[in-house]
Each structure stands twice: as structure tokens, then as C-alpha cells.
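Colleague: My file is upload-v7.tsv. It has TSV, C-alpha atoms:
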```tsv
chain	number	residue	atom	x	y	z
W	1	MET	CA	3.01	-27.57	56.65
W	2	ASP	CA	1.91	-24.08	57.61
W	3	GLU	CA	1.19	-21.92	54.57
W	4	HIS	CA	3.48	-19.09	55.65
W	5	LEU	CA	6.25	-21.58	56.24
W	6	GLN	CA	5.56	-23.28	52.94
W	7	SER	CA	5.73	-20.08	50.93
W	8	ALA	CA	8.88	-18.93	52.73
W	9	ALA	CA	10.66	-22.25	52.29
W	10	GLN	CA	9.70	-22.49	48.63
W	11	ALA	CA	10.80	-18.95	47.88
W	12	ILE	CA	14.19	-19.56	49.48
W	13	GLN	CA	14.51	-22.82	47.58
W	14	GLU	CA	13.81	-21.13	44.26
W	15	ARG	CA	16.00	-18.11	44.87
W	16	PHE	CA	19.01	-19.71	46.56
W	17	GLY	CA	18.72	-23.39	45.64
W	18	ALA	CA	18.34	-24.42	49.27
W	19	ASN	CA	17.36	-27.98	50.12
W	20	ILE	CA	14.17	-28.34	52.15
W	21	SER	CA	13.80	-31.11	54.70
W	22	GLU	CA	10.95	-31.69	57.09
W	23	TYR	CA	10.84	-33.75	60.24
W	24	ARG	CA	7.66	-33.94	62.32
W	25	GLY	CA	6.53	-30.57	61.10
W	26	ASP	CA	9.88	-28.82	61.68
W	27	VAL	CA	11.22	-27.39	58.46
W	28	SER	CA	14.89	-26.78	57.85
W	29	LEU	CA	16.77	-25.47	54.86
W	30	LEU	CA	20.28	-26.39	53.82
W	31	VAL	CA	22.10	-23.18	52.90
W	32	SER	CA	25.65	-22.56	51.73
W	33	PRO	CA	27.88	-20.32	53.90
W	34	ASP	CA	28.23	-17.46	51.42
W	35	GLN	CA	24.43	-17.15	51.05
W	36	ILE	CA	23.42	-17.22	54.70
W	37	VAL	CA	23.27	-13.46	55.24
W	38	GLU	CA	21.13	-12.92	52.14
W	39	VAL	CA	18.84	-15.80	53.04
W	40	CYS	CA	18.29	-14.42	56.52
W	41	ARG	CA	17.71	-10.92	55.21
W	42	ALA	CA	15.08	-12.22	52.80
W	43	LEU	CA	13.39	-14.26	55.53
W	44	ARG	CA	13.36	-11.30	57.89
W	45	ASP	CA	12.21	-8.62	55.45
W	46	GLU	CA	9.84	-10.59	53.23
W	47	PHE	CA	8.56	-13.43	55.37
W	48	ASN	CA	8.34	-11.84	58.82
W	49	PHE	CA	10.97	-13.95	60.58
W	50	GLU	CA	11.81	-11.10	62.94
W	51	MET	CA	13.62	-13.06	65.56
W	52	LEU	CA	16.78	-15.12	65.68
W	53	SER	CA	15.80	-17.38	68.53
W	54	GLY	CA	18.91	-19.50	68.41
W	55	GLU	CA	22.20	-19.98	66.71
W	56	THR	CA	24.46	-22.88	67.43
W	57	ALA	CA	26.75	-25.44	65.84
W	58	VAL	CA	27.07	-29.22	65.73
W	59	ASP	CA	30.30	-31.16	65.43
W	60	TYR	CA	29.83	-34.46	63.57
W	61	TRP	CA	33.47	-35.49	63.78
W	62	PRO	CA	34.49	-38.23	63.00
W	63	GLU	CA	31.35	-39.64	61.35
W	64	LEU	CA	30.52	-36.96	58.83
W	65	GLU	CA	32.37	-34.80	56.39
W	66	PRO	CA	32.06	-31.78	56.52
W	67	ARG	CA	32.31	-32.00	60.28
W	68	PHE	CA	30.64	-28.74	61.35
W	69	HIS	CA	27.05	-27.69	60.79
W	70	LEU	CA	25.92	-24.27	61.82
W	71	VAL	CA	22.27	-24.12	62.89
W	72	TYR	CA	20.11	-21.01	62.85
W	73	LEU	CA	16.61	-21.02	64.32
W	74	LEU	CA	14.36	-18.22	63.15
W	75	TYR	CA	10.98	-17.40	64.61
W	76	SER	CA	8.14	-15.40	63.15
W	77	LEU	CA	6.19	-13.62	65.88
W	78	VAL	CA	3.52	-12.53	63.41
W	79	ASN	CA	2.74	-15.97	62.00
W	80	ASN	CA	3.93	-18.09	64.94
W	81	VAL	CA	6.12	-20.33	62.80
W	82	ARG	CA	9.70	-21.43	63.13
W	83	ILE	CA	12.24	-22.30	60.50
W	84	GLY	CA	15.67	-23.81	60.81
W	85	LEU	CA	18.68	-23.11	58.63
W	86	ARG	CA	21.64	-25.45	58.41
W	87	VAL	CA	25.01	-24.46	57.01
W	88	PRO	CA	27.59	-27.21	56.46
W	89	LEU	CA	31.16	-25.97	56.87
W	90	ASN	CA	34.27	-27.56	55.40
W	91	GLY	CA	37.53	-27.97	57.24
W	92	ASN	CA	38.79	-27.90	60.81
W	93	ALA	CA	38.99	-24.13	61.20
W	94	PRO	CA	36.06	-22.87	59.15
W	95	SER	CA	34.82	-19.33	58.83
W	96	LEU	CA	31.68	-17.74	57.49
W	97	PRO	CA	30.17	-14.24	57.38
W	98	THR	CA	28.59	-12.86	60.54
W	99	LEU	CA	24.84	-12.44	60.81
W	100	GLU	CA	25.13	-9.32	62.98
W	101	SER	CA	23.96	-7.00	60.22
W	102	VAL	CA	20.60	-8.81	60.05
W	103	TYR	CA	20.05	-9.91	63.65
W	104	PRO	CA	22.13	-7.94	66.19
W	105	ASN	CA	21.67	-10.63	68.85
W	106	ALA	CA	23.82	-12.92	66.71
W	107	ASN	CA	26.76	-11.15	68.34
W	108	TRP	CA	26.72	-13.19	71.54
W	109	HIS	CA	25.63	-16.40	69.84
W	110	GLU	CA	28.57	-16.15	67.48
W	111	ARG	CA	30.97	-15.38	70.30
W	112	GLU	CA	29.77	-18.54	72.01
W	113	ILE	CA	30.17	-20.59	68.83
W	114	TRP	CA	33.67	-19.22	68.40
W	115	ASP	CA	34.46	-20.01	72.01
W	116	MET	CA	33.08	-23.54	72.00
W	117	PHE	CA	33.71	-24.71	68.42
W	118	GLY	CA	36.41	-22.45	67.00
W	119	ILE	CA	34.33	-21.32	64.04
W	120	ARG	CA	35.32	-17.81	62.94
W	121	PHE	CA	32.82	-15.19	61.85
W	122	GLU	CA	34.12	-12.74	59.25
W	123	GLY	CA	33.19	-9.14	59.98
W	124	HIS	CA	32.12	-9.80	63.57
W	125	SER	CA	32.48	-6.65	65.65
W	126	ASP	CA	33.84	-8.25	68.83
W	127	LEU	CA	34.88	-11.87	68.38
W	128	ARG	CA	36.15	-12.70	71.87
W	129	ARG	CA	35.54	-15.73	74.04
W	130	ILE	CA	32.34	-15.40	76.01
W	131	LEU	CA	32.26	-18.35	78.44
W	132	MET	CA	35.81	-19.60	78.86
W	133	PRO	CA	38.65	-17.46	80.26
W	134	TYR	CA	40.30	-15.34	77.57
W	135	GLU	CA	43.62	-17.18	77.79
W	136	TRP	CA	41.99	-20.57	77.33
W	137	GLU	CA	43.45	-22.87	74.68
W	138	GLY	CA	41.23	-25.04	72.53
W	139	HIS	CA	37.50	-25.16	71.95
W	140	PRO	CA	35.79	-27.47	74.44
W	141	LEU	CA	32.68	-28.55	72.53
W	142	ARG	CA	34.67	-30.01	69.66
W	143	LYS	CA	34.39	-33.76	69.61
W	144	ASP	CA	38.18	-34.19	69.50
W	145	TYR	CA	38.60	-32.11	72.66
W	146	PRO	CA	39.69	-34.45	75.48
W	147	LEU	CA	36.90	-35.63	77.77
W	148	GLY	CA	37.55	-35.40	81.46
W	149	TYR	CA	40.23	-33.36	83.10
W	150	GLU	CA	41.80	-35.49	85.77
W	151	GLU	CA	42.40	-39.21	85.92
W	152	VAL	CA	40.19	-41.05	88.35
W	153	GLN	CA	42.08	-42.17	91.43
W	154	PHE	CA	41.90	-45.83	92.44
W	155	THR	CA	43.79	-47.53	95.22
W	156	PHE	CA	46.47	-48.84	92.85
W	157	ASN	CA	47.31	-45.46	91.30
W	158	TYR	CA	46.29	-43.09	94.08
W	159	ASP	CA	49.80	-42.03	95.10
W	160	GLU	CA	51.00	-41.59	91.56
W	161	ILE	CA	48.14	-39.25	90.64
W	162	ASP	CA	48.22	-37.49	93.99
W	163	ALA	CA	51.90	-36.64	93.48
W	164	ARG	CA	51.03	-34.83	90.24
W	165	LYS	CA	48.15	-32.86	91.72
W	166	PRO	CA	48.93	-29.15	92.07
W	167	TYR	CA	48.09	-28.38	95.69
W	168	ALA	CA	47.90	-24.72	96.65
W	169	LYS	CA	50.45	-23.26	99.01
W	170	GLU	CA	49.65	-20.77	101.72
H	1	MET	CA	29.50	-25.86	138.00
H	2	GLY	CA	30.23	-22.53	136.41
H	3	ILE	CA	33.30	-20.43	135.97
H	4	GLU	CA	32.51	-18.74	139.30
H	5	GLN	CA	33.61	-21.75	141.26
H	6	LYS	CA	36.99	-21.77	139.59
H	7	LEU	CA	37.42	-18.07	140.12
H	8	GLY	CA	37.43	-18.35	143.87
H	9	ASN	CA	37.45	-14.98	145.58
H	10	MET	CA	40.18	-13.40	143.53
H	11	GLY	CA	38.16	-12.46	140.45
H	12	VAL	CA	40.86	-13.64	138.10
H	13	VAL	CA	41.39	-16.74	136.08
H	14	THR	CA	44.71	-17.93	134.79
H	15	ILE	CA	44.98	-19.56	131.43
H	16	LYS	CA	47.61	-20.05	128.81
H	17	LEU	CA	47.65	-17.33	126.16
H	18	GLU	CA	47.48	-20.03	123.52
H	19	GLN	CA	44.26	-21.40	124.96
H	20	ALA	CA	42.68	-18.00	125.46
H	21	VAL	CA	43.40	-16.90	121.92
H	22	ASN	CA	42.30	-20.18	120.38
H	23	TRP	CA	39.12	-20.09	122.45
H	24	ALA	CA	38.38	-16.60	121.21
H	25	ARG	CA	39.08	-17.58	117.64
H	26	THR	CA	36.86	-20.62	117.65
H	27	ASN	CA	33.90	-18.91	119.26
H	28	ALA	CA	33.59	-16.00	116.89
H	29	MET	CA	34.65	-17.36	113.57
H	30	TRP	CA	32.84	-15.35	110.98
H	31	PRO	CA	32.40	-17.17	107.70
H	32	MET	CA	32.41	-15.49	104.33
H	33	LEU	CA	29.50	-15.99	101.97
H	34	PHE	CA	30.82	-18.25	99.31
H	35	GLY	CA	27.85	-20.19	98.03
H	36	LEU	CA	28.58	-21.35	94.52
H	37	ALA	CA	26.00	-24.06	93.92
H	38	CYS	CA	23.47	-26.33	95.61
H	39	CYS	CA	25.71	-26.74	98.70
H	40	ALA	CA	24.93	-23.12	99.47
H	41	ILE	CA	21.33	-24.10	100.18
H	42	GLU	CA	22.49	-26.53	102.84
H	43	MET	CA	24.86	-23.90	104.19
H	44	MET	CA	21.91	-21.51	104.49
H	45	SER	CA	19.85	-24.06	106.34
H	46	ALA	CA	22.78	-24.72	108.67
H	47	GLN	CA	22.57	-21.03	109.49
H	48	ALA	CA	18.82	-21.03	109.94
H	49	SER	CA	16.87	-21.71	113.09
H	50	ASN	CA	16.61	-25.49	112.81
H	51	TYR	CA	20.36	-26.12	112.95
H	52	ASP	CA	21.44	-22.69	114.18
H	53	MET	CA	25.13	-22.29	113.60
H	54	SER	CA	25.08	-19.16	115.76
H	55	ARG	CA	25.70	-21.50	118.70
H	56	PHE	CA	29.32	-21.32	117.59
H	57	GLY	CA	29.33	-17.57	117.15
H	58	MET	CA	29.01	-18.08	113.45
H	59	GLU	CA	25.74	-16.37	112.75
H	60	LEU	CA	27.35	-13.50	110.90
H	61	MET	CA	28.00	-14.39	107.30
H	62	ARG	CA	30.14	-11.57	106.04
H	63	ALA	CA	29.79	-10.39	102.48
H	64	SER	CA	33.28	-8.91	102.64
H	65	PRO	CA	36.44	-11.00	102.83
H	66	ARG	CA	38.07	-8.29	104.96
H	67	GLN	CA	35.72	-9.03	107.85
H	68	SER	CA	35.80	-12.81	107.77
H	69	ASP	CA	37.97	-15.57	109.20
H	70	LEU	CA	36.59	-18.62	107.49
H	71	MET	CA	35.85	-19.32	103.87
H	72	ILE	CA	33.28	-22.05	103.32
H	73	VAL	CA	33.64	-22.96	99.66
H	74	ALA	CA	30.18	-24.37	99.05
H	75	GLY	CA	29.85	-25.79	95.59
H	76	ARG	CA	31.73	-26.38	92.38
H	77	VAL	CA	34.43	-23.91	91.46
H	78	SER	CA	34.73	-23.26	87.75
H	79	ARG	CA	38.09	-22.46	86.21
H	80	LYS	CA	36.85	-18.96	85.56
H	81	MET	CA	35.86	-18.55	89.21
H	82	ALA	CA	39.18	-19.90	90.55
H	83	PRO	CA	41.18	-16.64	90.24
H	84	VAL	CA	38.33	-14.78	91.96
H	85	LEU	CA	38.30	-17.31	94.78
H	86	ARG	CA	42.04	-16.97	95.29
H	87	ARG	CA	41.82	-13.21	95.23
H	88	LEU	CA	39.10	-13.18	97.88
H	89	TYR	CA	41.15	-15.59	99.97
H	90	ASP	CA	44.15	-13.30	99.70
H	91	GLN	CA	42.03	-10.38	100.87
H	92	MET	CA	41.01	-12.13	104.07
H	93	PRO	CA	43.04	-11.05	107.12
H	94	ASP	CA	45.14	-13.65	108.94
H	95	PRO	CA	44.39	-15.98	110.64
H	96	LYS	CA	42.13	-17.57	108.08
H	97	TRP	CA	40.76	-21.01	107.42
H	98	VAL	CA	39.05	-22.76	104.56
H	99	VAL	CA	36.36	-25.41	104.69
H	100	SER	CA	35.78	-27.22	101.44
H	101	MET	CA	32.11	-28.13	101.52
H	102	GLY	CA	30.82	-30.94	99.37
H	103	ASP	CA	32.28	-33.32	96.85
H	104	CYS	CA	32.62	-30.78	94.05
H	105	ALA	CA	34.70	-28.38	96.08
H	106	SER	CA	36.76	-31.20	97.56
H	107	CYS	CA	37.62	-33.19	94.46
H	108	GLY	CA	35.51	-32.09	91.51
H	109	GLY	CA	32.71	-34.50	92.34
H	110	VAL	CA	30.90	-35.78	89.29
H	111	PHE	CA	32.22	-32.91	87.20
H	112	ASN	CA	35.43	-34.38	85.88
H	113	ASN	CA	35.75	-31.97	82.98
H	114	TYR	CA	37.56	-28.96	81.63
H	115	ALA	CA	35.33	-26.37	83.24
H	116	ILE	CA	35.51	-27.34	86.92
H	117	VAL	CA	38.54	-27.13	89.21
H	118	GLN	CA	39.28	-30.64	90.45
H	119	GLY	CA	39.31	-29.81	94.11
H	120	VAL	CA	39.56	-26.32	95.51
H	121	ASP	CA	42.82	-27.33	97.21
H	122	GLU	CA	44.48	-26.54	93.89
H	123	VAL	CA	43.65	-22.89	94.51
H	124	VAL	CA	43.60	-22.33	98.27
H	125	PRO	CA	44.93	-24.41	101.20
H	126	VAL	CA	42.03	-26.33	102.73
H	127	ASP	CA	41.73	-27.18	106.43
H	128	VAL	CA	38.64	-29.37	106.51
H	129	TYR	CA	36.89	-31.30	103.77
H	130	VAL	CA	33.20	-32.07	104.20
H	131	ALA	CA	32.00	-34.98	102.07
H	132	GLY	CA	28.51	-35.29	100.69
H	133	CYS	CA	26.51	-34.24	97.69
H	134	PRO	CA	25.39	-31.96	99.16
H	135	PRO	CA	26.37	-32.54	102.80
H	136	ARG	CA	23.52	-32.20	105.26
H	137	PRO	CA	23.69	-29.28	107.66
H	138	GLU	CA	24.77	-31.69	110.41
H	139	ALA	CA	27.74	-32.68	108.26
H	140	LEU	CA	28.72	-29.07	107.75
H	141	ILE	CA	28.42	-28.40	111.47
H	142	HIS	CA	30.52	-31.46	112.13
H	143	GLY	CA	33.10	-30.13	109.71
H	144	ILE	CA	33.14	-26.82	111.51
H	145	MET	CA	33.51	-28.52	114.88
H	146	THR	CA	36.41	-30.46	113.42
H	147	LEU	CA	37.94	-27.18	112.37
H	148	HIS	CA	37.40	-25.80	115.85
H	149	GLU	CA	39.21	-28.84	117.21
H	150	LYS	CA	42.08	-28.07	114.89
H	151	VAL	CA	42.18	-24.41	115.85
H	152	ARG	CA	42.12	-25.25	119.54
H	153	GLY	CA	45.25	-27.34	119.03
H	154	GLU	CA	47.22	-24.61	117.29
H	155	LYS	CA	50.54	-23.71	118.90
H	156	ILE	CA	51.76	-20.22	119.64
H	157	LYS	CA	55.08	-20.91	117.93
H	158	ASP	CA	53.28	-21.69	114.65
H	159	TRP	CA	51.46	-18.37	114.55
H	160	ALA	CA	52.66	-16.17	111.80
```
Show how you would write the structure in this file as C-alpha cells.
Modeller:
Amino acid sequence: MDEHLQSAAQAIQERFGANISEYRGDVSLLVSPDQIVEVCRALRDEFNFEMLSGETAVDYWPELEPRFHLVYLLYSLVNNVRIGLRVPLNGNAPSLPTLESVYPNANWHEREIWDMFGIRFEGHSDLRRILMPYEWEGHPLRKDYPLGYEEVQFTFNYDEIDARKPYAKE
Amino acid sequence: MGIEQKLGNMGVVTIKLEQAVNWARTNAMWPMLFGLACCAIEMMSAQASNYDMSRFGMELMRASPRQSDLMIVAGRVSRKMAPVLRRLYDQMPDPKWVVSMGDCASCGGVFNNYAIVQGVDEVVPVDVYVAGCPPRPEALIHGIMTLHEKVRGEKIKDWA
């Protein structure tokens, strides 16, 4: 493990009780939702992780409980190292504090996570949908969101499905 | 065997109004730029020198719906794009036609999901569907000739 990464990960582990895991040289820390802003601030200000290169979520429904994990990927331009943060979230409509105060680019990432997963960010300045139309119902990247939109037409059910299809009028 | 022989010495030609108008419509049918995905590349090459759609008076792709007669929906239409598509269609002056180019525009293609409109005929009335993923330029030209066939058969009593 890179020495910068090692010292950063160990400091976060000591200060916040975060779990360290390593897979093929990629280090990730398990952080609780109420600590995430402080952890990121410490990593940015003390360990040179200046850049939030990615923020996303994973839905483990129905295999795992808690179902949502939030994933933050931080990058240090000075030391050329990356670190991942994982935040497990309880419940079907979870919320956690926004990271905007530390990394302003979290704004759009968090809007996308809200749009696709329905995870709320407390204190976010502009939590609107970013990809789907504003009046859209549901959050498409959730695993319990229905797959597919229209039934596939075969010869035996062609007419039945065709009758339901909303054709446009002039 | 040109038109001169039919003219005789009178300098006039008689034709039904229906036929004259339909002939004029088919031979200067300006399409609107509506490339949404990979089908647009094939649409471009149908315009380019090798296939040369200007043979049909269709060399002018208009960027404005107000100057166009034909909308070639080339590519997948997302649900967010659908209201825009309908709005542009509504802005086109009558008479207007729609060619749905490719599988995605015709029926959703491989994208059977929440984000893609399952056939652009849910949004605008389609005259000709061109199958293919993407259709070759020949297929698009064939679709357009099919549309021309349709336009040539239009009746004066059906005109709005």
C-alpha cells in the first residue's frame, strides 16, 4: 500500500473508527453516514485528497441489509493515490448529509443519486432530478424498479398488446 | 422522349391539379435534421455524394421545423426528448410527413426500458417505418421512395 494512502487510512480509522478493506491495491473505508462530511474534510485538508472524482450508490436489494451503499471516490492529485469511502444506509428512503460544503461538485452527483436511487441529501442546495423528467415517478436504478417498459409482442399476443399501445393522433 | 413531344405546338400541358401538386411535393421535400443516434450517421451518408439524396430534391436538410416538410426521426427517442419531438412536429407547416428510421424509432429496438419511447408513433403519426439497426442508406432511400409513392396517391378531397 502506498505510504500516503496508508497514513491517511490509518488516521481515519483511529479518529472515526472506520473499517479498512483492501482489494488488489484499492483501499476503501467503511464510514457511518453522520461522519462522512467530517471524514471527507479531514481527507481533503490533511491528506491532500483535493478531488471528488466520483460519487455514486449501489442497491443490494434483496440480498443485503442495509440495501443501499453510497460510494465516494477521492483522488489526490499531489500524491496520485485514490481512496474509496463506503457508507451503508438503512431503510428504503434513506437520507444523509450533503458533501457540497467540502466538494462543490458533489452537487450534481447527489442530484443524480437522488434521481436514480431516491436517496435524500440533507442540506443540499438544489435537490432536483437531473436526468429524468421532473414529473417522473420512481427511481429507475433501484433494483425493485420494474425492468422493461413494454411487453414483447409475439404472434399469439400481438393484437392484444397492439390494442393497448398509445398511438399518436394527428 | 421528353416532355416536348407531349407538348405539341401549343406550349401547354394539361394535368390534374392533384397530380401536379403531389409531383411538386414529392420532388422538393425538405427533411428536418433530426439525428438522435447512430442512425443519423447513415442519414448523413444517404445525403452525401455516394448515395446522393438530392436526386429527390432532398439535399436541403433544414435546421428549422418551419422550413421543412419531412421529419426523419433517426435514432432512439428518450422520454425526455419526446415532448421536444412533438413540439417540433407541431411547428412544422402542413403538409408534413414523418419517417421513422431504424428499429429504435419504430418500436424501441433493443431498448425496452423506462428511458426510451417504445416507438415514435406514440408521439407523432408516422407515415413510413424503415427497419434496420441502423438501416443502410439504400434502405432509407427506399423508405423515402415509399413515402413519395404514398404522397403521389394522396387525394385532393383528403387535403386539410
Colleague: Compile the contact shell of stretch 77-81 of chain H as a ChimeraX atom specification: residues with an atom at most 6 Å away, counting only C-alpha atoms, same-chain residues fewer than 4 positions apart removed.
Modeller: /W:133 /H:115-117
Colleague: How close does chain W get to chain H? List, as a Markdown table, each residue of chain W within 12 Å, its nearest atom pair and the distance in Å to one decimal, counting only C-alpha atoms.
Modeller:
```
| residue | atom | partner | partner_atom | distance |
| --- | --- | --- | --- | --- |
| W:Met116 | CA | H:Ala115 | CA | 11.8 |
| W:Ile130 | CA | H:Lys80 | CA | 11.1 |
| W:Leu131 | CA | H:Lys80 | CA | 8.5 |
| W:Met132 | CA | H:Lys80 | CA | 6.8 |
| W:Pro133 | CA | H:Lys80 | CA | 5.8 |
| W:Tyr134 | CA | H:Lys80 | CA | 9.4 |
| W:Glu135 | CA | H:Lys80 | CA | 10.5 |
| W:Trp136 | CA | H:Lys80 | CA | 9.8 |
| W:Glu137 | CA | H:Tyr114 | CA | 11.0 |
| W:Gly138 | CA | H:Tyr114 | CA | 10.6 |
| W:His139 | CA | H:Tyr114 | CA | 10.4 |
| W:Pro140 | CA | H:Tyr114 | CA | 7.6 |
| W:Leu141 | CA | H:Tyr114 | CA | 10.3 |
| W:Tyr145 | CA | H:Tyr114 | CA | 9.6 |
| W:Pro146 | CA | H:Tyr114 | CA | 8.5 |
| W:Leu147 | CA | H:Asn113 | CA | 6.5 |
| W:Gly148 | CA | H:Asn113 | CA | 4.2 |
| W:Tyr149 | CA | H:Asn113 | CA | 4.7 |
| W:Glu150 | CA | H:Asn112 | CA | 6.5 |
| W:Glu151 | CA | H:Asn112 | CA | 8.5 |
| W:Val152 | CA | H:Asn112 | CA | 8.6 |
| W:Gln153 | CA | H:Cys107 | CA | 10.5 |
| W:Asp162 | CA | H:Cys107 | CA | 11.4 |
| W:Arg164 | CA | H:Glu122 | CA | 11.2 |
| W:Lys165 | CA | H:Glu122 | CA | 7.6 |
| W:Pro166 | CA | H:Glu122 | CA | 5.5 |
| W:Tyr167 | CA | H:Glu122 | CA | 4.4 |
| W:Ala168 | CA | H:Glu122 | CA | 4.8 |
| W:Lys169 | CA | H:Pro125 | CA | 6.0 |
| W:Glu170 | CA | H:Pro125 | CA | 6.0 |
```
Colleague: Write out as a ChimeraX atom specification each polymer residue whose atoms come within 8 Å of stretch 14-25 of chain W, counting only C-alpha atoms; drop sequence neighbours fewer than 6 positions from it.
Modeller: /W:1,31-32,35,39
Colleague: For H:Lys96, which residue out of H:Ser54, H:Ser49, H:Gln67, H:Thr146 is the nearest one, using only C-alpha atoms?
Modeller: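 So, comparing all the options, the nearest one is H:Gln67.
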Colleague: Using all atoms listed in the file, which residues sit within 10 Å of W:Asp126 once same-chain residues fewer than 6 positions away are excluded, as a ChimeraX atom specification?
Modeller: /W:107-108,110-111
Colleague: So what do you get for atom CA of H:Gly109 versus atom CA of W:Glu160, distance-wise?
Modeller: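 Atom CA of H:Gly109 sits 19.6 Å away from atom CA of W:Glu160.
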Colleague: Which residues are near W:Gly91? Cut-off 9 Å, all atoms listed in the file, ignore same chain within fewer than 5 positions. Put them as a list in words.
Modeller: Glu65, Pro66, Arg67 and Phe68 of chain W
Colleague: Excluding same-chain residues fewer than 2 positions from W:Ile36, what lies within 9 Å of it counting all atoms listed in the file, as a PyMOL selection string?
Modeller: chain W and resi 31-34+38-41+85+87+96-99
Colleague: Produce the centre coordinates and the three edge lengths, each in Å to one decimal, of the box along x, y and z that contains all listed atoms of stretch 71-80 of chain W with 6 Å added on each side, as JSON.
Modeller:
```
{"center_x": 12.5, "center_y": -18.3, "center_z": 63.9, "size_x": 31.5, "size_y": 23.6, "size_z": 15.9}
```
Colleague: Quick one, how far is atom CA of W:Phe117 from atom CA of W:Pro94?
Modeller: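 Separation of atom CA of W:Phe117 and atom CA of W:Pro94: 9.7 Å.
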Colleague: Measure the distance from atom CA of H:Ser106 to atom CA of H:Leu60 in Å and round it to one decimal.
Modeller: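 We find that atom CA of H:Ser106 and atom CA of H:Leu60 lie 24.1 Å from each other.
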Colleague: Counting only C-alpha atoms, which residue out of H:Val73, H:Val110, H:Val151, H:Met43 sits closest to H:Tyr89?
Modeller: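 Nearest candidate to H:Tyr89 out of H:Val73, H:Val110, H:Val151, H:Met43: H:Val73.
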